[in-house]
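Only one structure is covered here, and it is reproduced in the block below.
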Amino acid sequence: MRHGKKINHLGRKTAHRKAMLANMACSLIEHKRINTTVAKAKALKQFVEPLVTKSKEDTTHNRRIVFSRLRNKYAVTELFREVATKVGDRPGGYTRIIKLGNRLGDNADMAMIELVDYNELYNAGKPAKKKSRRRGGKGKKAETAPVAPAPETANSEEE
């Protein structure tokens with residue numbers, strides 16, 4: 001049974017694991033996406049999401065809490081200035097994990113973890129959401145009726 005085993009220890013002692021997650025979080029904040037193993041990406045997601053939530057309210061206390069976890073003042077500044085303004089209206093889910101396949105050397109599962117609002121490919125293609133309407137069927141039938149005779153006239157002109 002795995003009662004009370006929420007934290008993935010990643011095969012490391014506590015100090016090494018905390019330092020590694022802090023370094024990975026600083027890299028994620030600086031570069032907006034990083035490649036790592038799936039297990040480390042999932043552990044990093046649990047580590048970094050509460051810090052992004054704290055950065056939405058810029059107080060001295062929140063900055064000190066985030067700095068105690070990240071240990072890098074440049075990453076804290078970047079998080080509170082650029083990242084917090086971009087994710088200010090998002091209620092959660094600031095990171096995305098995309099699986100990439102297996103690493104050549106040791107066949108480890110690799111993944112890319114990224115900040116959601118900084119991916120232009122996924123965000124640019126989405127149109128604004130339409131409101132659902134109950135009686136929208138009449139307009140579609142009226143549009144399809146004139147379209148059908150048009151190809152017949154084109155064929156008669158070519159002959």
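Just so we're on the same page: first chain in the structure tokens is A, next is B, and so on; residues restart at 1 for each chain, and ligands are numbered from 1 in the order they show up.
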
Go through segment 73-120 of chain A residue by residue and, counting only C-alpha atoms, keep those with an atom at most 9 Å from segment 40-47 of chain A; for each kept residue give the shortest atom pair and its distance in Å to one decimal, ordered by chain and increasing number, as CSV.
```
residue,atom,partner,partner_atom,distance
A:Tyr94,CA,A:Lys45,CA,8.8
A:Thr95,CA,A:Lys45,CA,6.7
A:Arg96,CA,A:Lys45,CA,8.3
A:Ile97,CA,A:Ala41,CA,7.0
A:Met110,CA,A:Ala41,CA,8.9
A:Ala111,CA,A:Ala41,CA,7.0
A:Met112,CA,A:Ala41,CA,7.5
A:Ile113,CA,A:Ala41,CA,6.2
```

Which residue out of A:Arg134, A:Asp58, A:Asp117, A:Glu49 has the minimum interatomic distance to Lys32 of chain A when only C-alpha atoms are used?
->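 Closest to Lys32 of chain A, using only C-alpha atoms: A:Asp117.
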
Apply DSSP to the structure's backbone, then extract all residues of segment 22-118 of chain A labelled helix (DSSP H, G or I) and return them as a PyMOL selection string.
-> chain A and resi 22-31+38-55+60-70+73-86+116-118

Counting only C-alpha atoms, the residue of A:Thr37, A:Met24, A:Asn62, A:Ala15 that sits nearest Asn102 of chain A |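 That would be A:Thr37, the residue with the smallest distance to Asn102 of chain A.
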
If you run DSSP over the backbone, which residues in segment 5-140 of chain A end up strand (DSSP E or B)? Put them as JSON, numbers by chain.
-> {"A": [33, 34, 35, 36, 37, 95, 96, 97, 98, 99, 100, 101, 102, 109, 110, 111, 112, 113, 114, 115]}

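Using only C-alpha atoms, the nearest neighbour of Ala84 of chain A within the list A:Asn119, A:Asn23, A:Val52, A:Asn8 is A:Val52.
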
Atom CA of Lys99 of chain A to atom CA of Val38 of chain A: how many Å, to one decimal?
->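 Straight-line distance from atom CA of Lys99 of chain A to atom CA of Val38 of chain A works out to 7.2 Å.
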
Close residues, Asp89 of chain A itself excluded, 12 Å, only C-alpha atoms, min 3 positions apart in chain, as a ChimeraX atom specification | /A:53,56-57,83-86,92-94,117
